[in-house]
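Engineer: Here it is, the structure, as structure tokens.
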Amino acid sequence: QLRKAKLRVEKAIKEKKIFAVQGPYPIIRRLLRARGWVERKLPRNGKQLKQQPGNQKKRQVEKRASGGGEPLHHPQPYNKKNKGEGKDEDKKEDKEQCNEDSDDIHDLMSFLVQDQVPNFLWTIRLSTIDQELLQRIEVVNRYPRLHALCTKEGLCQSLQNLSWFEQVDLNTFFPRCYRLGIMEEQEAFIEDFRLTAARNLLKLALEKVGDRLAGTEQPPKSSKVSGRHRSHVSHPMPSTAGPGSPLYPHLVEEALEVCEQHLGVLGHQDIDRETPSPCRSCIAWDRFLQEYYHVAHEGAGLVLSREQREQCQNVLQRLGEQLPQLAIEGKLNIWILKPSAKSRGRGIVCATRLEEVLELSRSCTTPSARVSEWVVQKYVEQPLTIFDTKFDIRQWFVVTDWKPLTVWFYRDCYLRFCSQPFSLRRLEPARHLCNVSVQKRYKTSQPDPRVPPDKIWSNKQFQAYLARLGRADAWHGVMVPGMKAAILNALRCAQDQVGSRKGSFELFGADFLIGEDCQPWLLEINSCPTMSPSSAVTRRLCANVQRDTLRLVLDRKDNPTCPIGAFELLYKEAAVPTCLHVGLKLMVEGCSLKKP
């Protein structure tokens with residue numbers, strides 16, 4: 001066995017097939033071993049991967065032979081039937097994996113290559129790898145400095161520069177977003193919140209037409225809950241404003257005035273004005289918002305004449321021509337507060353009142369954090385639901401180069417469902433946050449038996465559902481093109497801020513919400529998306545995307561025509577020759593002219 005291990009190690013070193021894996025990636029390990037790669041196993045207990053001198057390796061081999069040494073990574077059991085759909089290449093790989101050698105010989109080969117620099121590294125985070133060694137590894141699955149793309153604050157800031165790259169309106173695919181730590185953006189958010197409240201009031205007024213009351217759902221009386229959890233505890237029941245409900249006949253007129261002023265701003269009629277925006281000063285906003293809250297959340301009534309009804313319809317129609325997000329913003333002015341650099345739905349809170357958002361941004365800030373690490377984003381109040389349940393889409397893509405930008409889109413993806421039916425009157429996470437790590441905390445049975453128990457669908461199941469609704473063309477005609485465009489727009493905006501490294505690549509996971517009109521809305525982009533399966537669907541798809549990623553970044557180097565599974569080239573930027581800016585001699589020498 002030792003002789004066999006040495007021969008395989010010698011061949012792997014000669015062919016540059018030494019790899020290292022850090023993190024829960026048994027599929028990657030198995031696929032590489034099936035290709036003849038030899039693993040240099042990483043140390044445990046948070047130690048960095050470093051190059052070891054030969055004598056140290058020799059002592060470790062002796063220690064291993066005597067039964068000592070550190071525990072090693074071992075892959076989880078492999079289930080062959082969960083692999084893709086039976087292409088010849090897939091079957092061949094499956095057969096090779098089933099014929100793997102025992103872990104003993106892999107342990108032995110790993111010790112024999114401890115002084116070798118890996119040619120390929122798949123890691124969950126770059127910070128655990130010795131930086132000196134990292135520079136010598138040819139292929140790495142991570143890029144440094146992804147803040148501009150993979151944090152909520154960074155993505156919000158990067159996309160503000162979209163007009164420099166594409167003639168596309170950011171508001172057509174990314175819900176309005178503000179960084180609360182930037183004073184200018186906080187002020188812009190406050191103005192946006194006020195204007196949205198005015199538009200919402202017009203929508204509420206139109207719910208009941210004529211000279212009748214415009215009623216809203218009224219939450220029942222319950223004990224007050226203060227602090228950051230206020231927005232999670234309302235349990236309203238449908239009702240209409242009764243005879244004793246307060247009336248606000250002036251509210252509609254004020255909302256119409258504000259919206260008319262906003263239309264003027266949108267039409268650039270305020271270019272030469274030096275005074276503050278009329279949207280900030282034309283009405284008493286503190287009073288207006290308090291009365292709007294009574295109407296929107298507490299069932300207060302509105303008096304609406306026929307003339308006002310026609311005015312509301314006209315103004316909303318004109319606003320709809322200027323504001324791409326008017327259809328998704330609903331009537332309750334719900335916003336979602338997110339910590340910038342956290343994932344898996346941690347720390348996310350919904351709020352319906354301006355003072356509540358500003359208070360939450362402060363109360364959620366730990367002593368070591370700053371309010372600038374929080375963003376507030378308009379909540380999509382009109383999403384497409386399945387069986388009255390909210391869902392989002394996790395869509396994979398790979399960047400194999402930043403200069404020139406080269407992006408590969410994965411044709412398969414999956415849907416993540418919430419545990420409880422969608423309701424704008426109940427803002428608890430079980431109804432509004434689709435993250436698997438959030439929903440697994442809610443073990444209650446699904447109210448609708450048609451929702452899958454594991455809360456996951458494949459895109460194929462979603463397409464079949466759309467076909468039953470008579471919207472079969474929506475997936476390939478609207479959703480996929482919209483997701484591709486949003487991903488590409490985000491990448492182009494962040495391209496110059498990401499740490500580019502030749503030979504590296506990265507698999508990303510973008511999260512999308514779908515509107516009632518089937519338009520996708522980008523929520524965030526995740527680096528190092530989870531590959532731990534939570535269902536039969538994700539067990540199959542996660543294994544497939546890892547397999548196809550290795551085909552794309554390894555097999556394709558030796559064979560450009562090899563199959564790459566469900567990946568397709570989304571974008572390849574034209575190569576632009578760069579000028580050498582350093583080392584040029586720019587001084588001009590000459591001599592003076594002499595008279596003849």
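Labels for the structure tokens follow display order: chains A, B, ..., residues from 1 in each chain, ligands from 1.
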Quick one: contact table of stretch 493-590 of chain A to stretch 480-486 of chain A, 7 Å max, nearest atom pair and distance in Å to one decimal per residue, counting only C-alpha atoms, chain and number order, as a tab-separated table?
Structural biologist:
```
residue	atom	partner	partner_atom	distance
A:Gln519	CA	A:Gly482	CA	6.8
A:Pro520	CA	A:Gly482	CA	5.9
A:Leu522	CA	A:Ala486	CA	6.6
```
Engineer: Name the residues in contact with stretch 29-46 of chain A at a cut-off of 7 Å, using only C-alpha atoms, excluding same-chain residues fewer than 4 positions from it; report them as a list in words.
Structural biologist: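 With the cut-off at 7 Å, the set is Val9, Ala12, Lys17, Ile18, Phe19, Ala20, Val21, Gln22, Tyr25, Glu93, Glu96, Gln97, Met109, Ser110, Val113, Gln114 and Pro118 of chain A.
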Engineer: Just the number, please: distance in Å from atom CA of A:Leu491 to atom CA of A:Cys156, one decimal.
Structural biologist: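 Computing the Euclidean distance for atom CA of A:Leu491 and atom CA of A:Cys156 yields 12.4 Å.
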Engineer: So which one's closest to A:His297, A:Leu541, A:Ala474, A:Ile525, A:Ile334? Using only C-alpha atoms, please.
Structural biologist: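 Nearest candidate to A:His297 out of A:Leu541, A:Ala474, A:Ile525, A:Ile334: A:Ile334.
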Engineer: Residues of stretch 473-594 of chain A classed as strand (DSSP E) by DSSP on the backbone are to be reported as an MDAnalysis selection string.
Structural biologist: chainID A and resid 506:514 520:527 567:572
Engineer: Tell me, as a count of residues only, which residues lie within 10 Å of A:Leu134, counting only C-alpha atoms; anything in the same chain fewer than 5 positions away does not count.
Structural biologist: 10
